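Engineer: This one is protein31.csv, CSV, C-alpha atoms.
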chain,number,residue,atom,x,y,z
A,114,MET,CA,7.6,-5.6,4.7
A,115,GLU,CA,9.2,-2.3,5.8
A,116,GLU,CA,9.8,-3.7,9.4
A,117,ARG,CA,11.4,-6.9,8.1
A,118,LEU,CA,13.7,-4.8,5.8
A,119,PHE,CA,14.7,-2.6,8.8
A,120,ILE,CA,15.6,-5.7,10.9
A,121,ILE,CA,17.6,-7.2,8.1
A,122,GLY,CA,19.4,-3.9,7.6
A,123,CYS,CA,20.3,-3.7,11.3
A,124,ILE,CA,21.7,-7.3,11.2
A,125,ILE,CA,23.8,-6.5,8.1
A,126,LEU,CA,25.0,-3.2,9.6
A,127,LEU,CA,26.2,-5.0,12.8
A,128,ILE,CA,28.0,-7.6,10.7
A,129,ASN,CA,29.5,-4.8,8.6
A,130,ILE,CA,30.7,-2.9,11.7
A,131,SER,CA,32.2,-6.1,13.2
A,132,MET,CA,34.1,-6.8,10.0
A,133,ILE,CA,35.4,-3.2,9.9
A,134,LEU,CA,36.7,-3.6,13.5
A,135,ILE,CA,38.3,-6.9,12.6
A,136,ARG,CA,40.0,-5.3,9.6
A,137,LYS,CA,41.4,-2.6,11.8
A,138,TYR,CA,42.5,-4.5,14.8
A,139,TYR,CA,43.1,-8.1,13.7
A,140,LYS,CA,45.3,-8.0,10.7
A,141,PRO,CA,46.1,-11.7,10.4
A,142,ILE,CA,42.4,-12.4,10.0
A,143,SER,CA,41.6,-9.5,7.8
A,144,SER,CA,44.3,-10.5,5.3
A,145,ASN,CA,42.7,-13.9,4.8
A,146,LYS,CA,41.2,-14.3,1.3
A,147,LEU,CA,37.9,-15.8,2.6
A,148,PHE,CA,37.5,-12.8,5.0
A,149,LYS,CA,38.1,-10.4,2.2
A,150,ASP,CA,35.5,-12.1,0.0
A,151,ILE,CA,32.9,-12.2,2.7
A,152,TYR,CA,33.6,-8.5,3.6
A,153,SER,CA,33.2,-7.6,-0.1
A,154,TRP,CA,29.8,-9.3,-0.2
A,155,VAL,CA,28.6,-7.8,3.1
A,156,ASP,CA,29.7,-4.3,2.0
A,157,ALA,CA,27.9,-4.7,-1.4
A,158,GLY,CA,24.8,-6.1,0.4
A,159,TRP,CA,24.7,-3.1,2.8
A,160,THR,CA,24.9,-0.6,-0.1
A,161,SER,CA,22.2,-2.4,-2.0
A,162,LEU,CA,20.0,-2.6,1.1
A,163,ILE,CA,20.3,1.2,1.6
A,164,ALA,CA,19.3,1.8,-2.0
A,165,SER,CA,16.4,-0.7,-1.8
A,166,ALA,CA,15.1,0.8,1.5
A,167,PHE,CA,15.2,4.3,0.2
A,168,ILE,CA,13.2,3.3,-2.9
A,169,MET,CA,10.7,1.2,-0.8
A,170,PHE,CA,10.2,3.8,1.9
A,171,PHE,CA,9.9,6.9,-0.2
A,172,LEU,CA,9.5,6.2,-3.9
A,173,ILE,CA,8.1,3.0,-5.4
A,174,GLN,CA,6.8,-0.2,-3.9
A,175,ALA,CA,5.9,-3.5,-5.7
A,176,PHE,CA,2.5,-4.9,-4.7
A,177,LYS,CA,0.7,-8.2,-5.7
A,178,ILE,CA,-3.0,-8.2,-6.1
A,179,PRO,CA,-4.3,-10.7,-3.4
A,180,SER,CA,-7.9,-11.0,-4.3
A,181,GLY,CA,-10.6,-10.4,-6.9
A,182,SER,CA,-12.1,-7.3,-5.3
A,183,MET,CA,-10.8,-5.0,-8.0
A,184,ASN,CA,-11.8,-7.2,-11.0
A,185,ASN,CA,-11.6,-6.5,-13.9
A,186,THR,CA,-9.4,-3.5,-13.5
A,187,LEU,CA,-6.9,-5.6,-11.5
A,188,ILE,CA,-7.1,-9.3,-11.3
A,189,GLU,CA,-5.8,-11.7,-8.7
A,190,GLY,CA,-2.0,-12.3,-9.3
A,191,ASP,CA,-1.3,-9.0,-11.1
A,192,HIS,CA,1.9,-7.3,-10.0
A,193,ILE,CA,1.8,-3.5,-9.8
A,194,PHE,CA,4.0,-0.6,-8.9
A,195,VAL,CA,2.8,1.9,-6.3
A,196,ASN,CA,3.8,5.5,-6.3
A,197,LYS,CA,4.6,6.3,-2.7
A,198,PHE,CA,5.6,9.9,-3.0
A,199,ILE,CA,2.8,11.4,-5.1
A,200,TYR,CA,0.6,12.0,-2.0
A,201,GLY,CA,3.5,13.1,0.1
A,202,ILE,CA,6.3,11.4,2.0
A,203,ARG,CA,6.0,10.3,5.6
A,204,ARG,CA,8.8,9.4,8.0
A,205,PRO,CA,9.4,5.6,8.0
A,206,PHE,CA,7.5,3.7,10.7
A,207,HIS,CA,5.5,6.8,11.7
A,208,GLN,CA,1.8,7.0,11.1
A,209,THR,CA,1.3,10.7,11.6
A,210,GLY,CA,-0.8,13.1,9.7
A,211,LYS,CA,2.1,15.1,8.4
A,212,ARG,CA,3.3,14.6,4.8
A,213,TYR,CA,6.2,16.2,3.1
A,214,ILE,CA,6.7,17.2,-0.6
A,215,LYS,CA,3.1,16.5,-1.6
A,216,ILE,CA,2.7,16.4,-5.4
A,217,GLN,CA,-1.1,16.0,-5.4
A,218,ASN,CA,-4.0,15.2,-3.2
A,219,ILE,CA,-6.0,12.0,-3.4
A,220,LYS,CA,-8.7,12.4,-6.1
A,221,ARG,CA,-11.9,10.5,-6.7
A,222,GLY,CA,-11.1,7.7,-9.1
A,223,ASP,CA,-7.6,7.1,-7.8
A,224,ILE,CA,-6.6,3.5,-7.2
A,225,VAL,CA,-5.0,3.5,-3.8
A,226,VAL,CA,-3.0,1.1,-1.7
A,227,PHE,CA,-3.3,1.5,2.0
A,228,GLN,CA,-2.7,-0.3,5.3
A,229,CYS,CA,-5.7,-2.2,6.4
A,230,PRO,CA,-7.4,-0.2,9.2
A,231,PRO,CA,-8.1,-1.9,12.6
A,232,LYS,CA,-11.9,-1.9,11.9
A,233,ALA,CA,-11.3,-4.1,8.9
A,234,MET,CA,-9.3,-6.7,10.8
A,235,THR,CA,-10.5,-9.7,12.8
A,236,VAL,CA,-10.1,-9.8,16.6
A,237,PHE,CA,-7.3,-12.3,16.1
A,238,GLU,CA,-5.4,-10.1,13.6
A,239,ARG,CA,-5.6,-7.1,15.9
A,240,SER,CA,-4.4,-9.2,18.9
A,241,THR,CA,-1.4,-10.5,17.0
A,242,GLY,CA,-0.4,-7.1,15.6
A,243,ILE,CA,-0.5,-8.4,12.0
A,244,THR,CA,-0.5,-5.8,9.2
A,245,LYS,CA,-1.7,-6.2,5.7
A,246,ASP,CA,-2.4,-3.9,2.7
A,247,PHE,CA,-5.6,-3.3,0.8
A,248,ILE,CA,-6.1,-1.8,-2.7
A,249,LYS,CA,-9.4,0.0,-3.6
A,250,ARG,CA,-10.7,2.9,-5.6
A,251,CYS,CA,-11.3,6.2,-3.9
A,252,VAL,CA,-14.8,7.3,-4.7
A,253,GLY,CA,-15.2,10.1,-2.1
A,254,ILE,CA,-13.1,12.7,-0.3
A,255,ALA,CA,-13.7,14.8,2.8
A,256,GLY,CA,-17.0,16.7,2.7
A,257,ASP,CA,-18.6,14.5,0.0
A,258,THR,CA,-22.0,12.9,0.6
A,259,ILE,CA,-21.9,9.3,-0.6
A,260,GLU,CA,-24.9,7.1,-1.4
A,261,ILE,CA,-25.5,3.9,-3.3
A,262,LYS,CA,-29.0,3.3,-4.6
A,263,ASN,CA,-29.8,0.2,-6.6
A,264,ASN,CA,-26.2,-0.4,-7.4
A,265,LYS,CA,-25.6,3.2,-8.6
A,266,LEU,CA,-23.1,5.5,-6.9
A,267,PHE,CA,-24.1,9.0,-6.1
A,268,VAL,CA,-21.6,11.7,-4.9
A,269,ASN,CA,-23.1,14.9,-3.6
A,270,GLY,CA,-26.4,13.9,-5.2
A,271,LYS,CA,-24.9,13.3,-8.7
A,272,LEU,CA,-24.9,9.9,-10.4
A,273,ILE,CA,-21.4,8.8,-11.1
A,274,TYR,CA,-20.6,6.9,-14.3
A,275,GLU,CA,-18.4,3.9,-13.4
A,276,PRO,CA,-17.7,1.7,-16.5
A,277,TYR,CA,-15.1,-0.3,-14.5
A,278,VAL,CA,-17.6,-1.6,-11.9
A,279,ILE,CA,-18.8,-5.2,-11.8
A,280,SER,CA,-22.0,-6.0,-9.9
A,281,ILE,CA,-24.0,-9.0,-10.9
A,282,ASN,CA,-25.7,-10.0,-7.6
A,283,GLU,CA,-29.0,-8.1,-7.8
A,284,ASN,CA,-30.1,-9.4,-4.3
A,285,HIS,CA,-27.0,-8.3,-2.4
A,286,ALA,CA,-28.6,-5.6,-0.2
A,287,GLU,CA,-25.4,-4.4,1.4
A,288,CYS,CA,-23.9,-3.7,-2.1
A,289,ASN,CA,-27.1,-2.4,-3.8
A,290,ASN,CA,-27.9,0.3,-1.2
A,291,PHE,CA,-25.7,2.3,1.2
A,292,GLY,CA,-25.8,5.6,3.0
A,293,PRO,CA,-26.1,8.4,2.6
A,294,ILE,CA,-23.0,9.4,4.7
A,295,VAL,CA,-20.9,12.5,4.8
A,296,ILE,CA,-17.1,11.8,4.7
A,297,PRO,CA,-15.3,13.5,7.7
A,298,GLN,CA,-12.2,15.5,7.3
A,299,GLY,CA,-9.1,13.5,6.8
A,300,HIS,CA,-11.0,10.5,5.5
A,301,TYR,CA,-11.8,8.8,2.2
A,302,MET,CA,-14.4,6.4,0.9
A,303,MET,CA,-12.8,3.3,-0.6
A,304,LEU,CA,-14.7,0.8,-2.8
A,305,GLY,CA,-13.6,-2.2,-4.8
A,306,ASP,CA,-14.5,-2.3,-8.5
A,307,ASN,CA,-15.9,-5.8,-8.0
A,308,ARG,CA,-18.6,-4.5,-5.7
A,309,ASP,CA,-20.3,-7.9,-4.9
A,310,VAL,CA,-17.2,-9.4,-3.3
A,311,SER,CA,-15.3,-6.3,-2.1
A,312,PHE,CA,-14.8,-5.8,1.6
A,313,ASP,CA,-14.5,-2.1,1.7
A,314,SER,CA,-15.7,1.2,3.3
A,315,ARG,CA,-19.3,0.0,3.1
A,316,PHE,CA,-18.5,-2.5,5.8
A,317,TRP,CA,-15.7,-0.9,7.9
A,318,GLY,CA,-16.2,2.8,7.4
A,319,THR,CA,-14.3,5.6,5.8
A,320,LEU,CA,-10.5,5.4,5.7
A,321,PRO,CA,-8.3,7.8,7.8
A,322,ASP,CA,-5.5,9.5,5.8
A,323,LYS,CA,-2.8,8.1,8.0
A,324,TYR,CA,-3.2,4.6,6.5
A,325,ILE,CA,-2.6,5.7,2.9
A,326,LYS,CA,0.5,4.3,1.3
A,327,GLY,CA,0.4,5.4,-2.3
A,328,LYS,CA,-1.2,5.4,-5.7
A,329,ALA,CA,-1.2,2.4,-8.1
A,330,PHE,CA,0.3,3.5,-11.4
A,331,CYS,CA,1.0,0.5,-13.6
A,332,ILE,CA,0.8,-3.3,-13.9
A,333,TYR,CA,4.2,-4.7,-14.7
A,334,TRP,CA,3.5,-8.4,-14.6
A,335,PRO,CA,2.4,-10.5,-16.3
A,336,ILE,CA,3.8,-8.9,-19.5
A,337,SER,CA,0.6,-9.5,-21.3
A,338,ARG,CA,-1.3,-7.3,-18.9
A,339,TRP,CA,1.3,-4.4,-18.8
A,340,ARG,CA,-0.4,-1.0,-18.7
A,341,LEU,CA,-0.6,2.2,-16.9
A,342,LEU,CA,-3.5,2.7,-14.4
Represent the structure of the file as structure tokens.
Structural biologist:
Amino acid sequence: MEERLFIIGCIILLINISMILIRKYYKPISSNKLFKDIYSWVDAGWTSLIASAFIMFFLIQAFKIPSGSMNNTLIEGDHIFVNKFIYGIRRPFHQTGKRYIKIQNIKRGDIVVFQCPPKAMTVFERSTGITKDFIKRCVGIAGDTIEIKNNKLFVNGKLIYEPYVISINENHAECNNFGPIVIPQGHYMMLGDNRDVSFDSRFWGTLPDKYIKGKAFCIYWPISRWRLL
């Protein structure tokens, strides 16, 4: 989405520059009412795009839940807002480890939106350069020992109470038992609340920090499901 917005912005900028040059050097054309109307729309569009880009890159992003992996916390079709600055701001289009103006670190229990890591993509998706976003709950941070035994999550040997988790398939071995593993520095353990159907860190490994986009903070649509997360 960010790349498409950038391309659209470049196109509108070029159109805007062209029309500014026409206004300056081709007076007969620039005095035409149709030209003035088009210029007004392009100028307003450029201003709106700058504001939208700033919000999307640095502040808040809208996100639609694509699957049932977070049921019943988030259901397919929910529209949410994602806080992109709470974990720190990155430079647009740069996946580096450096963040600026960090408000808080990622905590266990946070619902996090992140770019799908390469290990979670098919060979075809990797070859075409496609990007997509996932949303999961962070259950472990760097240094934690994570283990799942008989559908129960243990962090550093302590049983974690997870009232939001759905798990109904008693014979799903990959869901019922996992680990133990120690989360390396700069990584997180991400699991879906609907454990039986979630494609998460149990299958593709811990998540590097560079893929983190932000923290989900509210459902805004449908109205009947509006709430803070």
Engineer: Within 9 Å of segment 277-279 of chain A, counting all atoms listed in the file, which residues show up once you throw out same-chain ones fewer than 6 positions away? Write them as an MDAnalysis selection string, please.
Structural biologist: chainID A and resid 183:186 305:309
Engineer: So which residues touch segment 216-225 of chain A within 8 Å, counting all atoms listed in the file, skipping near sequence neighbours fewer than 2 positions away, as a list in words?
Structural biologist: Phe198, Ile199, Tyr200, Gly201, Ile214, Phe227, Ile248, Lys249, Arg250, Cys251, Val252, Gly253, Ile254, Ile325, Lys326, Gly327, Lys328, Ala329 and Leu342 of chain A
Engineer: Just give me the gap between atom CA of Val236 of chain A and atom CA of Met303 of chain A in Å, one decimal is fine.
Structural biologist: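 Atom-to-atom, atom CA of Val236 of chain A to atom CA of Met303 of chain A, that is 21.8 Å.
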Engineer: Please, what is the axis-aligned box for every listed atom of segment 302-321 of chain A with 5 Å on each side, as centre and edge lengths in Å to one decimal, as AutoDock Vina command-line options?
Structural biologist:
--center_x -14.3 --center_y -0.8 --center_z -0.3 --size_x 22.0 --size_y 27.2 --size_z 26.4
Engineer: Please, what distance in Å, to one decimal, runs between atom CA of Asn290 of chain A and atom CA of Asn264 of chain A?
Structural biologist: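 Interatomic distance here is 6.5 Å.
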Engineer: Just give me the gap between atom CA of Pro276 of chain A and atom CA of Phe312 of chain A in Å, one decimal is fine.
Structural biologist: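 Value for the atom CA of Pro276 of chain A-atom CA of Phe312 of chain A distance: 19.8 Å.
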Engineer: When you count all atoms listed in the file, which of these residues is closest to Leu304 of chain A: A:Leu266, A:Asn196, A:Tyr324, A:Ile243?
Structural biologist: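 The answer is A:Leu266, which sits nearest to Leu304 of chain A.
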Engineer: Can you pull out every residue within 9 Å of Lys265 of chain A, counting only C-alpha atoms, but drop anything in the same chain fewer than 4 positions away, and send it as a list of chain:residue names?
Structural biologist: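 The residues that qualify are A:Glu260, A:Ile261, A:Leu272, A:Ile273, A:Tyr274, A:Glu275, A:Asn289, A:Asn290.
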Engineer: Kindly indicate which residue among A:Leu341, A:Leu320, A:Val195, A:Cys229 lies nearest to Gln174 of chain A, using all atoms listed in the file for the distances.
Structural biologist: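 Looking only at the distances to Gln174 of chain A, the closest residue turns out to be A:Val195.
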Engineer: Just add N, CA and C atoms to segment 226-255 of chain A and send it as a PDB file, keeping the file's coordinate frame.
Structural biologist:
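Printed below is out_31.pdb as written:
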ATOM      1  N   VAL A 226      -3.404   2.141  -2.633  1.00  0.00           N
ATOM      2  CA  VAL A 226      -3.000   1.100  -1.700  1.00  0.00           C
ATOM      3  C   VAL A 226      -2.837   1.678  -0.327  1.00  0.00           C
ATOM      4  N   PHE A 227      -3.377   0.969   0.656  1.00  0.00           N
ATOM      5  CA  PHE A 227      -3.300   1.500   2.000  1.00  0.00           C
ATOM      6  C   PHE A 227      -3.235   0.334   3.018  1.00  0.00           C
ATOM      7  N   GLN A 228      -2.746   0.678   4.191  1.00  0.00           N
ATOM      8  CA  GLN A 228      -2.700  -0.300   5.300  1.00  0.00           C
ATOM      9  C   GLN A 228      -4.095  -0.598   5.765  1.00  0.00           C
ATOM     10  N   CYS A 229      -4.389  -1.857   5.950  1.00  0.00           N
ATOM     11  CA  CYS A 229      -5.700  -2.200   6.400  1.00  0.00           C
ATOM     12  C   CYS A 229      -5.984  -1.608   7.787  1.00  0.00           C
ATOM     13  N   PRO A 230      -7.063  -0.835   7.926  1.00  0.00           N
ATOM     14  CA  PRO A 230      -7.400  -0.200   9.200  1.00  0.00           C
ATOM     15  C   PRO A 230      -7.841  -1.246  10.222  1.00  0.00           C
ATOM     16  N   PRO A 231      -7.693  -0.956  11.520  1.00  0.00           N
ATOM     17  CA  PRO A 231      -8.100  -1.900  12.600  1.00  0.00           C
ATOM     18  C   PRO A 231      -9.532  -2.410  12.429  1.00  0.00           C
ATOM     19  N   LYS A 232     -10.449  -1.527  12.029  1.00  0.00           N
ATOM     20  CA  LYS A 232     -11.900  -1.900  11.900  1.00  0.00           C
ATOM     21  C   LYS A 232     -12.091  -2.994  10.865  1.00  0.00           C
ATOM     22  N   ALA A 233     -11.149  -3.120   9.924  1.00  0.00           N
ATOM     23  CA  ALA A 233     -11.300  -4.100   8.900  1.00  0.00           C
ATOM     24  C   ALA A 233     -10.590  -5.416   9.180  1.00  0.00           C
ATOM     25  N   MET A 234     -10.053  -5.534  10.384  1.00  0.00           N
ATOM     26  CA  MET A 234      -9.300  -6.700  10.800  1.00  0.00           C
ATOM     27  C   MET A 234     -10.124  -7.549  11.780  1.00  0.00           C
ATOM     28  N   THR A 235      -9.824  -8.825  11.829  1.00  0.00           N
ATOM     29  CA  THR A 235     -10.500  -9.700  12.800  1.00  0.00           C
ATOM     30  C   THR A 235      -9.890  -9.436  14.187  1.00  0.00           C
ATOM     31  N   VAL A 236     -10.573  -9.919  15.214  1.00  0.00           N
ATOM     32  CA  VAL A 236     -10.100  -9.800  16.600  1.00  0.00           C
ATOM     33  C   VAL A 236      -8.711 -10.454  16.708  1.00  0.00           C
ATOM     34  N   PHE A 237      -8.557 -11.619  16.077  1.00  0.00           N
ATOM     35  CA  PHE A 237      -7.300 -12.300  16.100  1.00  0.00           C
ATOM     36  C   PHE A 237      -6.174 -11.520  15.470  1.00  0.00           C
ATOM     37  N   GLU A 238      -6.460 -10.941  14.304  1.00  0.00           N
ATOM     38  CA  GLU A 238      -5.400 -10.100  13.600  1.00  0.00           C
ATOM     39  C   GLU A 238      -5.021  -8.948  14.441  1.00  0.00           C
ATOM     40  N   ARG A 239      -5.979  -8.291  15.069  1.00  0.00           N
ATOM     41  CA  ARG A 239      -5.600  -7.100  15.900  1.00  0.00           C
ATOM     42  C   ARG A 239      -4.809  -7.559  17.117  1.00  0.00           C
ATOM     43  N   SER A 240      -5.132  -8.705  17.709  1.00  0.00           N
ATOM     44  CA  SER A 240      -4.400  -9.200  18.900  1.00  0.00           C
ATOM     45  C   SER A 240      -2.991  -9.577  18.615  1.00  0.00           C
ATOM     46  N   THR A 241      -2.729 -10.032  17.384  1.00  0.00           N
ATOM     47  CA  THR A 241      -1.400 -10.500  17.000  1.00  0.00           C
ATOM     48  C   THR A 241      -0.542  -9.361  16.415  1.00  0.00           C
ATOM     49  N   GLY A 242      -1.152  -8.212  16.165  1.00  0.00           N
ATOM     50  CA  GLY A 242      -0.400  -7.100  15.600  1.00  0.00           C
ATOM     51  C   GLY A 242      -0.059  -7.243  14.139  1.00  0.00           C
ATOM     52  N   ILE A 243      -0.755  -8.127  13.447  1.00  0.00           N
ATOM     53  CA  ILE A 243      -0.500  -8.400  12.000  1.00  0.00           C
ATOM     54  C   ILE A 243      -0.847  -7.108  11.219  1.00  0.00           C
ATOM     55  N   THR A 244      -0.118  -6.874  10.125  1.00  0.00           N
ATOM     56  CA  THR A 244      -0.500  -5.800   9.200  1.00  0.00           C
ATOM     57  C   THR A 244      -0.614  -6.348   7.810  1.00  0.00           C
ATOM     58  N   LYS A 245      -1.519  -5.765   7.041  1.00  0.00           N
ATOM     59  CA  LYS A 245      -1.700  -6.200   5.700  1.00  0.00           C
ATOM     60  C   LYS A 245      -2.196  -4.966   4.875  1.00  0.00           C
ATOM     61  N   ASP A 246      -2.048  -5.043   3.566  1.00  0.00           N
ATOM     62  CA  ASP A 246      -2.400  -3.900   2.700  1.00  0.00           C
ATOM     63  C   ASP A 246      -3.668  -4.261   1.894  1.00  0.00           C
ATOM     64  N   PHE A 247      -4.468  -3.234   1.638  1.00  0.00           N
ATOM     65  CA  PHE A 247      -5.600  -3.300   0.800  1.00  0.00           C
ATOM     66  C   PHE A 247      -5.389  -2.445  -0.452  1.00  0.00           C
ATOM     67  N   ILE A 248      -6.131  -2.713  -1.514  1.00  0.00           N
ATOM     68  CA  ILE A 248      -6.100  -1.800  -2.700  1.00  0.00           C
ATOM     69  C   ILE A 248      -7.588  -1.611  -3.100  1.00  0.00           C
ATOM     70  N   LYS A 249      -8.004  -0.356  -3.201  1.00  0.00           N
ATOM     71  CA  LYS A 249      -9.400   0.000  -3.600  1.00  0.00           C
ATOM     72  C   LYS A 249      -9.358   1.282  -4.387  1.00  0.00           C
ATOM     73  N   ARG A 250     -10.525   1.643  -4.879  1.00  0.00           N
ATOM     74  CA  ARG A 250     -10.700   2.900  -5.600  1.00  0.00           C
ATOM     75  C   ARG A 250     -11.281   3.946  -4.701  1.00  0.00           C
ATOM     76  N   CYS A 251     -10.704   5.136  -4.684  1.00  0.00           N
ATOM     77  CA  CYS A 251     -11.300   6.200  -3.900  1.00  0.00           C
ATOM     78  C   CYS A 251     -12.474   6.790  -4.660  1.00  0.00           C
ATOM     79  N   VAL A 252     -13.641   6.775  -4.009  1.00  0.00           N
ATOM     80  CA  VAL A 252     -14.800   7.300  -4.700  1.00  0.00           C
ATOM     81  C   VAL A 252     -15.360   8.563  -3.971  1.00  0.00           C
ATOM     82  N   GLY A 253     -14.737   8.923  -2.829  1.00  0.00           N
ATOM     83  CA  GLY A 253     -15.200  10.100  -2.100  1.00  0.00           C
ATOM     84  C   GLY A 253     -14.118  10.683  -1.238  1.00  0.00           C
ATOM     85  N   ILE A 254     -14.074  12.008  -1.138  1.00  0.00           N
ATOM     86  CA  ILE A 254     -13.100  12.700  -0.300  1.00  0.00           C
ATOM     87  C   ILE A 254     -13.855  13.481   0.788  1.00  0.00           C
ATOM     88  N   ALA A 255     -13.096  14.111   1.687  1.00  0.00           N
ATOM     89  CA  ALA A 255     -13.700  14.800   2.800  1.00  0.00           C
ATOM     90  C   ALA A 255     -14.769  15.809   2.368  1.00  0.00           C
TER      91      ALA A 255
END
